[in-house]
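Novice: Contents of upload-v1.cif (mmCIF, C-alpha atoms):
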```
data_entry
#
loop_
_atom_site.group_PDB
_atom_site.id
_atom_site.type_symbol
_atom_site.label_atom_id
_atom_site.label_comp_id
_atom_site.auth_asym_id
_atom_site.auth_seq_id
_atom_site.Cartn_x
_atom_site.Cartn_y
_atom_site.Cartn_z
ATOM 1 C CA MET A 1 0.000 0.000 0.000
ATOM 2 C CA ILE A 2 1.368 3.381 -1.061
ATOM 3 C CA ALA A 3 1.725 5.937 1.686
ATOM 4 C CA GLY A 4 -0.720 8.826 1.471
ATOM 5 C CA ALA A 5 -3.064 6.941 -0.813
ATOM 6 C CA GLU A 6 -6.577 6.299 0.199
ATOM 7 C CA PRO A 7 -7.701 2.672 0.426
ATOM 8 C CA VAL A 8 -9.996 1.392 -2.285
ATOM 9 C CA VAL A 9 -13.037 -0.477 -0.990
ATOM 10 C CA HIS A 10 -14.756 -2.962 -3.334
ATOM 11 C CA SER A 11 -18.383 -3.278 -2.515
ATOM 12 C CA ALA A 12 -20.387 -6.403 -3.466
ATOM 13 C CA PRO A 13 -23.293 -5.815 -5.804
ATOM 14 C CA ARG A 14 -26.578 -5.533 -4.110
ATOM 15 C CA LEU A 15 -29.167 -8.218 -4.900
ATOM 16 C CA GLN A 16 -32.800 -7.557 -5.379
ATOM 17 C CA GLY A 17 -35.486 -9.269 -3.286
ATOM 18 C CA SER A 18 -36.379 -11.939 -5.835
ATOM 19 C CA GLN A 19 -32.699 -12.802 -6.341
ATOM 20 C CA LEU A 20 -32.189 -13.258 -2.608
ATOM 21 C CA GLN A 21 -35.127 -15.609 -2.405
ATOM 22 C CA CYS A 22 -33.800 -17.789 -5.258
ATOM 23 C CA LEU A 23 -30.354 -17.957 -3.679
ATOM 24 C CA HIS A 24 -31.807 -18.856 -0.315
ATOM 25 C CA ALA A 25 -33.893 -21.651 -1.870
ATOM 26 C CA LYS A 26 -30.849 -23.095 -3.656
ATOM 27 C CA LEU A 27 -28.801 -23.163 -0.457
ATOM 28 C CA LEU A 28 -31.522 -24.952 1.495
ATOM 29 C CA ARG A 29 -32.275 -27.533 -1.262
ATOM 30 C CA PRO A 30 -30.188 -30.777 -0.863
ATOM 31 C CA ALA A 31 -28.105 -31.969 -3.750
ATOM 32 C CA PRO A 32 -29.670 -34.716 -5.869
ATOM 33 C CA ARG A 33 -26.747 -37.074 -5.207
ATOM 34 C CA ALA A 34 -26.946 -36.551 -1.496
ATOM 35 C CA THR A 35 -30.693 -37.257 -1.536
ATOM 36 C CA HIS A 36 -30.022 -40.568 -3.409
ATOM 37 C CA LEU A 37 -27.487 -41.636 -0.827
ATOM 38 C CA LEU A 38 -29.799 -40.819 2.047
ATOM 39 C CA HIS A 39 -32.815 -42.765 0.827
ATOM 40 C CA THR A 40 -31.166 -45.837 -0.889
ATOM 41 C CA LYS A 41 -28.496 -48.291 0.189
ATOM 42 C CA PRO A 42 -25.246 -48.148 -1.727
ATOM 43 C CA ARG A 43 -24.845 -51.035 -4.174
ATOM 44 C CA SER A 44 -21.715 -53.057 -3.512
ATOM 45 C CA ILE A 45 -19.974 -54.070 -6.755
ATOM 46 C CA SER A 46 -17.215 -56.598 -6.505
ATOM 47 C CA ARG A 47 -13.864 -55.904 -8.049
ATOM 48 C CA ARG A 48 -14.139 -58.948 -10.328
ATOM 49 C CA ALA A 49 -17.570 -57.800 -11.641
ATOM 50 C CA ALA A 50 -16.223 -54.325 -12.291
ATOM 51 C CA ILE A 51 -13.258 -55.685 -14.240
ATOM 52 C CA ARG A 52 -15.542 -57.961 -16.255
ATOM 53 C CA HIS A 53 -17.901 -55.091 -16.982
ATOM 54 C CA SER A 54 -15.047 -52.889 -18.163
ATOM 55 C CA CYS A 55 -13.614 -55.698 -20.336
ATOM 56 C CA VAL A 56 -16.989 -56.320 -21.964
ATOM 57 C CA ALA A 57 -17.477 -52.637 -22.621
ATOM 58 C CA SER A 58 -14.001 -52.250 -24.103
ATOM 59 C CA SER A 59 -14.344 -55.367 -26.275
ATOM 60 C CA SER A 60 -17.721 -54.233 -27.613
ATOM 61 C CA ARG A 61 -16.274 -50.819 -28.362
ATOM 62 C CA GLU A 62 -13.268 -52.380 -30.135
ATOM 63 C CA ALA A 63 -15.511 -54.731 -32.086
ATOM 64 C CA SER A 64 -17.548 -51.815 -33.342
ATOM 65 C CA ASP A 65 -14.375 -50.022 -34.459
ATOM 66 C CA LEU A 66 -12.841 -53.136 -36.113
ATOM 67 C CA TRP A 67 -12.646 -53.057 -39.886
ATOM 68 C CA THR A 68 -13.724 -56.200 -41.729
ATOM 69 C CA PRO A 69 -13.346 -56.854 -45.462
ATOM 70 C CA GLU A 70 -16.386 -57.247 -47.604
ATOM 71 C CA GLN A 71 -15.167 -60.583 -49.037
ATOM 72 C CA SER A 72 -13.412 -63.335 -47.152
ATOM 73 C CA VAL A 73 -9.693 -63.598 -47.763
ATOM 74 C CA VAL A 74 -8.600 -66.976 -49.213
ATOM 75 C CA LEU A 75 -5.167 -68.048 -48.002
ATOM 76 C CA PRO A 76 -3.022 -70.140 -50.325
ATOM 77 C CA HIS A 77 -2.680 -73.834 -49.399
ATOM 78 C CA VAL A 78 0.866 -74.648 -48.300
ATOM 79 C CA HIS A 79 2.030 -78.283 -48.444
ATOM 80 C CA ALA A 80 4.224 -79.035 -45.438
ATOM 81 C CA ALA A 81 7.194 -81.248 -46.035
ATOM 82 C CA ALA A 82 6.663 -84.709 -44.511
ATOM 83 C CA ALA A 83 9.167 -85.701 -41.842
ATOM 84 C CA PRO A 84 11.171 -88.841 -42.606
ATOM 85 C CA ALA A 85 10.004 -91.968 -40.816
ATOM 86 C CA VAL A 86 12.175 -92.940 -37.838
ATOM 87 C CA VAL A 87 12.357 -96.591 -36.933
ATOM 88 C CA SER A 88 13.258 -97.093 -33.269
ATOM 89 C CA PRO A 89 15.145 -100.277 -32.450
ATOM 90 C CA GLY A 90 13.409 -102.896 -30.372
ATOM 91 C CA SER A 91 13.902 -103.197 -26.645
ATOM 92 C CA GLY A 92 13.866 -106.965 -26.303
ATOM 93 C CA TYR A 93 16.245 -109.129 -24.368
ATOM 94 C CA GLU A 94 18.610 -109.558 -27.330
ATOM 95 C CA ASP A 95 19.259 -105.779 -27.432
ATOM 96 C CA HIS A 96 20.499 -105.839 -23.852
ATOM 97 C CA LYS A 97 22.251 -109.182 -23.988
ATOM 98 C CA PRO A 98 25.462 -109.233 -21.920
ATOM 99 C CA ARG A 99 28.612 -109.222 -23.996
ATOM 100 C CA THR A 100 30.878 -110.654 -21.309
ATOM 101 C CA PRO A 101 30.492 -113.435 -18.703
ATOM 102 C CA PRO A 102 28.859 -112.358 -15.416
ATOM 103 C CA PRO A 103 31.369 -110.847 -12.962
ATOM 104 C CA ASP A 104 30.035 -112.456 -9.756
ATOM 105 C CA LEU A 105 29.361 -116.055 -8.762
ATOM 106 C CA PRO A 106 25.542 -115.845 -8.187
ATOM 107 C CA SER A 107 25.064 -114.302 -11.637
ATOM 108 C CA LEU A 108 27.323 -116.931 -13.172
ATOM 109 C CA LEU A 109 25.192 -119.672 -11.593
ATOM 110 C CA LEU A 110 22.030 -118.028 -12.890
ATOM 111 C CA ASP A 111 23.578 -117.776 -16.347
ATOM 112 C CA SER A 112 24.139 -121.544 -16.153
ATOM 113 C CA ARG A 113 20.404 -121.804 -15.359
ATOM 114 C CA ILE A 114 21.007 -122.788 -11.716
ATOM 115 C CA THR A 115 18.668 -121.484 -9.011
ATOM 116 C CA TYR A 116 20.087 -122.046 -5.546
ATOM 117 C CA LEU A 117 17.786 -122.305 -2.522
ATOM 118 C CA GLY A 118 20.166 -122.167 0.442
ATOM 119 C CA MET A 119 18.172 -120.462 3.189
ATOM 120 C CA PRO A 120 14.948 -121.013 5.136
ATOM 121 C CA LEU A 121 11.795 -120.112 3.242
ATOM 122 C CA VAL A 122 11.115 -116.508 4.199
ATOM 123 C CA PRO A 123 9.366 -113.934 1.964
ATOM 124 C CA ALA A 124 12.627 -112.428 0.621
ATOM 125 C CA VAL A 125 13.965 -115.845 -0.420
ATOM 126 C CA THR A 126 10.655 -116.855 -1.987
ATOM 127 C CA GLU A 127 10.534 -113.619 -3.992
ATOM 128 C CA LEU A 128 14.047 -114.219 -5.353
ATOM 129 C CA ILE A 129 13.407 -117.863 -6.315
ATOM 130 C CA ILE A 130 10.158 -117.025 -8.120
ATOM 131 C CA ALA A 131 11.811 -114.117 -9.962
ATOM 132 C CA GLU A 132 14.671 -116.351 -11.127
ATOM 133 C CA LEU A 133 12.308 -119.060 -12.347
ATOM 134 C CA LEU A 134 10.277 -116.569 -14.357
ATOM 135 C CA TYR A 135 13.406 -114.919 -15.758
ATOM 136 C CA LEU A 136 14.912 -118.218 -16.894
ATOM 137 C CA GLN A 137 11.669 -119.118 -18.624
ATOM 138 C CA TYR A 138 11.643 -115.741 -20.384
ATOM 139 C CA LYS A 139 15.259 -116.174 -21.447
ATOM 140 C CA ASP A 140 14.744 -119.614 -23.006
ATOM 141 C CA ARG A 141 11.596 -121.746 -22.846
ATOM 142 C CA THR A 142 13.281 -124.876 -24.140
ATOM 143 C CA LYS A 143 16.225 -125.348 -21.790
ATOM 144 C CA PRO A 144 15.740 -126.916 -18.332
ATOM 145 C CA ILE A 145 16.047 -125.095 -15.012
ATOM 146 C CA TYR A 146 18.201 -126.587 -12.243
ATOM 147 C CA LEU A 147 16.932 -125.992 -8.695
ATOM 148 C CA TYR A 148 19.549 -126.772 -6.024
ATOM 149 C CA ILE A 149 18.014 -127.165 -2.541
ATOM 150 C CA ASN A 150 19.763 -126.866 0.832
ATOM 151 C CA SER A 151 17.064 -125.462 3.084
ATOM 152 C CA THR A 152 15.339 -126.211 6.372
ATOM 153 C CA GLY A 153 11.973 -125.130 5.000
ATOM 154 C CA THR A 154 9.841 -122.669 6.917
ATOM 155 C CA SER A 155 11.710 -123.313 10.177
ATOM 156 C CA ARG A 156 15.274 -122.999 11.357
ATOM 157 C CA ALA A 157 17.552 -125.889 12.280
ATOM 158 C CA ASP A 158 16.413 -125.657 15.925
ATOM 159 C CA GLY A 159 12.740 -125.978 14.902
ATOM 160 C CA GLU A 160 11.672 -122.348 15.380
ATOM 161 C CA THR A 161 9.168 -121.223 12.748
ATOM 162 C CA VAL A 162 10.436 -118.338 10.622
ATOM 163 C CA GLY A 163 8.060 -118.367 7.615
ATOM 164 C CA PHE A 164 4.579 -119.256 6.494
ATOM 165 C CA GLU A 165 3.719 -122.544 4.820
ATOM 166 C CA THR A 166 2.519 -120.579 1.801
ATOM 167 C CA GLU A 167 6.149 -119.758 0.951
ATOM 168 C CA GLY A 168 6.639 -123.338 -0.215
ATOM 169 C CA THR A 169 3.355 -123.531 -2.111
ATOM 170 C CA ALA A 170 4.166 -120.245 -3.886
ATOM 171 C CA ILE A 171 7.394 -121.702 -5.280
ATOM 172 C CA PHE A 172 5.626 -124.981 -6.122
ATOM 173 C CA ASP A 173 2.931 -123.179 -8.108
ATOM 174 C CA THR A 174 5.612 -121.247 -10.027
ATOM 175 C CA MET A 175 7.429 -124.487 -10.828
ATOM 176 C CA GLN A 176 4.203 -125.844 -12.269
ATOM 177 C CA TYR A 177 3.546 -122.615 -14.159
ATOM 178 C CA VAL A 178 6.797 -122.372 -16.110
ATOM 179 C CA THR A 179 6.978 -124.410 -19.286
ATOM 180 C CA ASN A 180 10.593 -125.475 -18.719
ATOM 181 C CA GLU A 181 11.601 -128.725 -17.105
ATOM 182 C CA VAL A 182 12.715 -128.160 -13.499
ATOM 183 C CA HIS A 183 15.504 -130.494 -12.379
ATOM 184 C CA THR A 184 15.733 -130.575 -8.571
ATOM 185 C CA VAL A 185 18.943 -131.509 -6.733
ATOM 186 C CA GLY A 186 19.199 -131.968 -2.952
ATOM 187 C CA VAL A 187 22.702 -130.870 -1.925
ATOM 188 C CA GLY A 188 22.376 -130.686 1.861
ATOM 189 C CA VAL A 189 19.146 -130.934 3.794
ATOM 190 C CA ALA A 190 15.600 -130.642 2.487
ATOM 191 C CA ILE A 191 13.181 -130.387 5.420
ATOM 192 C CA GLY A 192 9.417 -129.926 5.358
ATOM 193 C CA GLN A 193 8.370 -127.645 2.520
ATOM 194 C CA SER A 194 11.854 -127.890 0.975
ATOM 195 C CA CYS A 195 11.457 -131.677 0.770
ATOM 196 C CA MET A 196 8.128 -131.112 -0.976
ATOM 197 C CA LEU A 197 9.890 -128.859 -3.520
ATOM 198 C CA LEU A 198 12.568 -131.514 -4.013
ATOM 199 C CA SER A 199 9.887 -134.031 -4.955
ATOM 200 C CA ALA A 200 8.076 -131.519 -7.195
ATOM 201 C CA GLY A 201 10.695 -131.556 -9.939
ATOM 202 C CA THR A 202 10.174 -133.102 -13.341
ATOM 203 C CA LYS A 203 9.717 -136.863 -13.060
ATOM 204 C CA GLY A 204 12.996 -138.627 -13.802
ATOM 205 C CA LYS A 205 14.997 -135.404 -13.079
ATOM 206 C CA ARG A 206 14.980 -135.380 -9.260
ATOM 207 C CA PHE A 207 18.334 -136.089 -7.611
ATOM 208 C CA MET A 208 20.204 -135.978 -4.307
ATOM 209 C CA LEU A 209 23.911 -135.939 -3.550
ATOM 210 C CA PRO A 210 25.205 -139.113 -1.894
ATOM 211 C CA HIS A 211 25.314 -137.578 1.597
ATOM 212 C CA ALA A 212 22.267 -135.301 1.452
ATOM 213 C CA THR A 213 19.269 -135.722 3.763
ATOM 214 C CA ALA A 214 15.537 -135.296 3.254
ATOM 215 C CA MET A 215 12.919 -135.060 5.983
ATOM 216 C CA LEU A 216 9.129 -134.812 5.982
ATOM 217 C CA GLN A 217 7.263 -133.251 8.887
ATOM 218 C CA GLN A 218 3.934 -131.662 9.647
ATOM 219 C CA PRO A 219 3.458 -127.901 9.341
ATOM 220 C CA ARG A 220 4.504 -126.034 12.465
ATOM 221 C CA VAL A 221 2.237 -123.620 14.322
ATOM 222 C CA PRO A 222 3.942 -120.282 14.971
ATOM 223 C CA PRO A 223 3.913 -118.847 18.512
ATOM 224 C CA THR A 224 0.395 -117.685 19.334
ATOM 225 C CA GLY A 225 1.317 -115.116 21.997
ATOM 226 C CA GLN A 226 -1.521 -113.344 23.793
ATOM 227 C CA ARG A 227 -4.456 -114.291 21.600
ATOM 228 C CA GLN A 228 -8.066 -115.039 22.297
ATOM 229 C CA ALA A 229 -9.373 -118.592 22.086
ATOM 230 C CA VAL A 230 -11.352 -117.899 18.912
ATOM 231 C CA GLU A 231 -8.200 -116.557 17.187
ATOM 232 C CA ILE A 232 -6.271 -119.701 18.132
ATOM 233 C CA GLN A 233 -9.079 -121.798 16.677
ATOM 234 C CA ILE A 234 -8.997 -119.822 13.422
ATOM 235 C CA LYS A 235 -5.209 -120.263 13.187
ATOM 236 C CA TRP A 236 -5.577 -124.002 13.870
ATOM 237 C CA ARG A 237 -7.993 -124.293 10.933
ATOM 238 C CA GLU A 238 -5.570 -122.452 8.680
ATOM 239 C CA VAL A 239 -2.659 -124.725 9.647
ATOM 240 C CA LEU A 240 -4.861 -127.779 9.059
ATOM 241 C CA ALA A 241 -5.761 -126.476 5.576
ATOM 242 C CA GLN A 242 -2.064 -125.967 4.796
ATOM 243 C CA LYS A 243 -1.345 -129.521 5.944
ATOM 244 C CA GLN A 244 -4.040 -130.929 3.651
ATOM 245 C CA ALA A 245 -2.594 -128.963 0.729
ATOM 246 C CA MET A 246 0.892 -130.296 1.462
ATOM 247 C CA LEU A 247 -0.398 -133.877 1.667
ATOM 248 C CA LYS A 248 -2.193 -133.471 -1.668
ATOM 249 C CA ILE A 249 0.973 -132.200 -3.373
ATOM 250 C CA LEU A 250 3.122 -134.975 -1.893
ATOM 251 C CA SER A 251 0.539 -137.529 -3.007
ATOM 252 C CA GLN A 252 0.943 -136.289 -6.585
ATOM 253 C CA THR A 253 4.745 -136.229 -6.495
ATOM 254 C CA THR A 254 5.440 -139.464 -4.562
ATOM 255 C CA GLY A 255 2.467 -141.605 -5.545
ATOM 256 C CA HIS A 256 1.440 -142.388 -1.949
ATOM 257 C CA SER A 257 -2.047 -141.825 -0.585
ATOM 258 C CA PRO A 258 -2.685 -138.848 1.675
ATOM 259 C CA GLU A 259 -3.596 -141.225 4.514
ATOM 260 C CA LYS A 260 -0.203 -142.987 4.339
ATOM 261 C CA LEU A 261 1.639 -139.688 4.131
ATOM 262 C CA ASP A 262 -0.306 -138.329 7.108
ATOM 263 C CA LYS A 263 0.556 -141.414 9.133
ATOM 264 C CA ASP A 264 4.251 -141.291 8.187
ATOM 265 C CA MET A 265 4.460 -137.584 9.015
ATOM 266 C CA GLN A 266 3.108 -137.920 12.558
ATOM 267 C CA ARG A 267 6.763 -137.790 13.552
ATOM 268 C CA PRO A 268 9.719 -136.448 11.539
ATOM 269 C CA LEU A 269 10.534 -138.869 8.702
ATOM 270 C CA TYR A 270 14.261 -138.706 7.866
ATOM 271 C CA MET A 271 15.418 -140.224 4.584
ATOM 272 C CA GLN A 272 18.855 -140.811 3.149
ATOM 273 C CA PRO A 273 19.232 -140.681 -0.648
ATOM 274 C CA ARG A 274 18.419 -144.357 -1.128
ATOM 275 C CA ASP A 275 15.463 -144.160 1.283
ATOM 276 C CA ALA A 276 14.166 -141.048 -0.500
ATOM 277 C CA MET A 277 14.462 -142.819 -3.844
ATOM 278 C CA GLU A 278 12.454 -145.776 -2.549
ATOM 279 C CA TYR A 279 9.842 -143.457 -1.037
ATOM 280 C CA GLY A 280 9.381 -141.647 -4.350
ATOM 281 C CA VAL A 281 10.850 -138.277 -3.344
ATOM 282 C CA ILE A 282 13.732 -138.485 -5.857
ATOM 283 C CA ASP A 283 14.595 -140.533 -8.929
ATOM 284 C CA GLY A 284 18.331 -141.004 -8.578
ATOM 285 C CA ILE A 285 21.577 -140.222 -6.798
ATOM 286 C CA VAL A 286 24.080 -137.882 -8.372
ATOM 287 C CA ARG A 287 27.106 -139.619 -9.852
ATOM 288 C CA ASN A 288 30.056 -138.309 -11.795
ATOM 289 C CA GLU A 289 28.297 -138.904 -15.105
ATOM 290 C CA THR A 290 25.010 -137.310 -13.972
ATOM 291 C CA SER A 291 24.210 -134.048 -15.782
ATOM 292 C CA ILE A 292 22.855 -131.573 -13.229
ATOM 293 C CA ILE A 293 24.120 -128.338 -14.768
ATOM 294 C CA ASP A 294 23.676 -126.584 -18.067
ATOM 295 C CA THR A 295 26.561 -126.383 -20.507
ATOM 296 C CA VAL A 296 29.038 -123.681 -19.499
ATOM 297 C CA MET A 297 30.142 -121.629 -22.478
ATOM 298 C CA SER A 298 33.770 -120.850 -23.210
ATOM 299 C CA PRO A 299 34.937 -117.256 -23.759
ATOM 300 C CA GLU A 300 34.888 -117.837 -27.524
ATOM 301 C CA GLN A 301 31.286 -119.065 -27.321
ATOM 302 C CA TRP A 302 30.395 -115.983 -25.241
ATOM 303 C CA ASP A 303 31.788 -113.734 -27.976
ATOM 304 C CA LYS A 304 29.910 -115.664 -30.642
ATOM 305 C CA GLU A 305 26.598 -115.502 -28.738
ATOM 306 C CA ALA A 306 27.099 -111.774 -28.142
ATOM 307 C CA GLY A 307 27.785 -111.126 -31.834
ATOM 308 C CA LEU A 308 31.422 -110.091 -31.356
ATOM 309 C CA VAL A 309 33.864 -110.936 -34.093
ATOM 310 C CA ALA A 310 37.534 -111.228 -33.240
ATOM 311 C CA LYS A 311 39.744 -109.121 -35.468
ATOM 312 C CA PRO A 312 42.857 -110.797 -36.867
ATOM 313 C CA ALA A 313 46.133 -109.694 -35.408
ATOM 314 C CA PRO A 314 47.993 -107.201 -37.578
ATOM 315 C CA ALA A 315 50.860 -108.632 -39.581
ATOM 316 C CA GLN A 316 54.273 -107.942 -38.179
#
```
With the file now loaded, output its structure as structure tokens.

Specialist:
Amino acid sequence: MIAGAEPVVHSAPRLQGSQLQCLHAKLLRPAPRATHLLHTKPRSISRRAAIRHSCVASSSREASDLWTPEQSVVLPHVHAAAAPAVVSPGSGYEDHKPRTPPPDLPSLLLDSRITYLGMPLVPAVTELIIAELLYLQYKDRTKPIYLYINSTGTSRADGETVGFETEGTAIFDTMQYVTNEVHTVGVGVAIGQSCMLLSAGTKGKRFMLPHATAMLQQPRVPPTGQRQAVEIQIKWREVLAQKQAMLKILSQTTGHSPEKLDKDMQRPLYMQPRDAMEYGVIDGIVRNETSIIDTVMSPEQWDKEAGLVAKPAPAQ
């Protein structure tokens, strides 16, 4: 403000009476939006519905603005080049045939078609014997399988039960299933279910070593422990059913009646090779000229079977 100058006062324009009334009515009247909010509940719109609504609106707007030709455009037909046929080699046994002799003794025995049962019949042993029988059948259905037995059956040497009687019947059923001849050879002891397997070989191909022993006995009942009387009765019926199955199998393999076998098995029946041959468990005793093993191939035969051709030595 400049000194000595008089202040300038701006006066508002005066309104007439009708103008004041209109202004007063406008100030007192509520806004239309405020009146809508007071008398109606706000509508809650989800975020997903809002996005969908906006997408639909935008797509319809874009569709209306999209230019389309009056006539449909015909694209030229392009012939794609055909890919050459690929022949994948087969995955049979011959493609994975070993080219050298097996490095360990158990595999070498299996390659000579020998299955060795040298432990009591427990689930792990039964699984291995069945797998070997099936594998040897798959490898060659014409050659025989040699089953060497040195087992105490489903119990240990002291008589304690370690396996179920079904372990023996599982191997027996597999022996009957395979199409190959199964030559059985008793090389130590064959007790209980193992003696049944010894007698289950192909007729005329059942042998024992001169000092081997065979023994027939009734199925053993495993320790019952703290069981109720009804559970013991159920287990007794199961053991009796297993005994009847064993007697039926031995009747087929030895030629004796189940009644005679049941009577002879009331107590352990030990048999030396000659006694076992007379009883019908085996057909002969192994001698030097007896063939109880498949032909073992020489290294040259291994190379020939594997398809390897020896290259001639370079000239000096």

Novice: Pick the closest to Val125 (chain A) from A:Leu269, A:Val162, A:Ile145, A:Leu209: which is it, counting only C-alpha atoms?

Specialist: A:Val162

Novice: Counting only C-alpha atoms, I want the residues whose atoms come within 12 Å of (11.1, -126.2, -23.6) in the file frame, returned as a PyMOL selection string.

Specialist: chain A and resi 136-145+178-182

Novice: Do you have the CA of Ser107 (chain A)-CA of Val185 (chain A) distance handy?

Specialist: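 Between these atoms lies a distance of 18.9 Å.
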
Novice: Which is closer to Glu132 (chain A) than all the others in A:Val239, A:Ile114, A:Val286, A:Cys195, using only C-alpha atoms?

Specialist: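 Answer, going by the shortest atom-to-atom distance: A:Ile114.
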
Novice: To one decimal place in Å, what is the distance between CA of Thr152 (chain A) and CA of Pro120 (chain A)?

Specialist: 5.4 Å

Novice: One decimal, Å: what's the distance from CA of Arg287 (chain A) over to CA of Met208 (chain A), could you say?

Specialist: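 Computing the Euclidean distance for CA of Arg287 (chain A) and CA of Met208 (chain A) yields 9.6 Å.
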
Novice: Quick one: residues within 8 Å of Met175 (chain A), all atoms listed in the file counted, chain neighbours fewer than 3 positions away excluded, as a CSV table (one decimal) with C-alpha atoms, keeping the file's coordinate frame?

Specialist:
```csv
chain,number,residue,atom,x,y,z
A,133,LEU,CA,12.3,-119.1,-12.3
A,171,ILE,CA,7.4,-121.7,-5.3
A,172,PHE,CA,5.6,-125.0,-6.1
A,178,VAL,CA,6.8,-122.4,-16.1
A,182,VAL,CA,12.7,-128.2,-13.5
A,200,ALA,CA,8.1,-131.5,-7.2
A,201,GLY,CA,10.7,-131.6,-9.9
```

Novice: Might you spell out which residues the PyMOL selection byres ((chain A and resi 238) around 12) would select in the displayed file, as a PyMOL selection string?

Specialist: chain A and resi 164-166+219-222+231-237+239-245
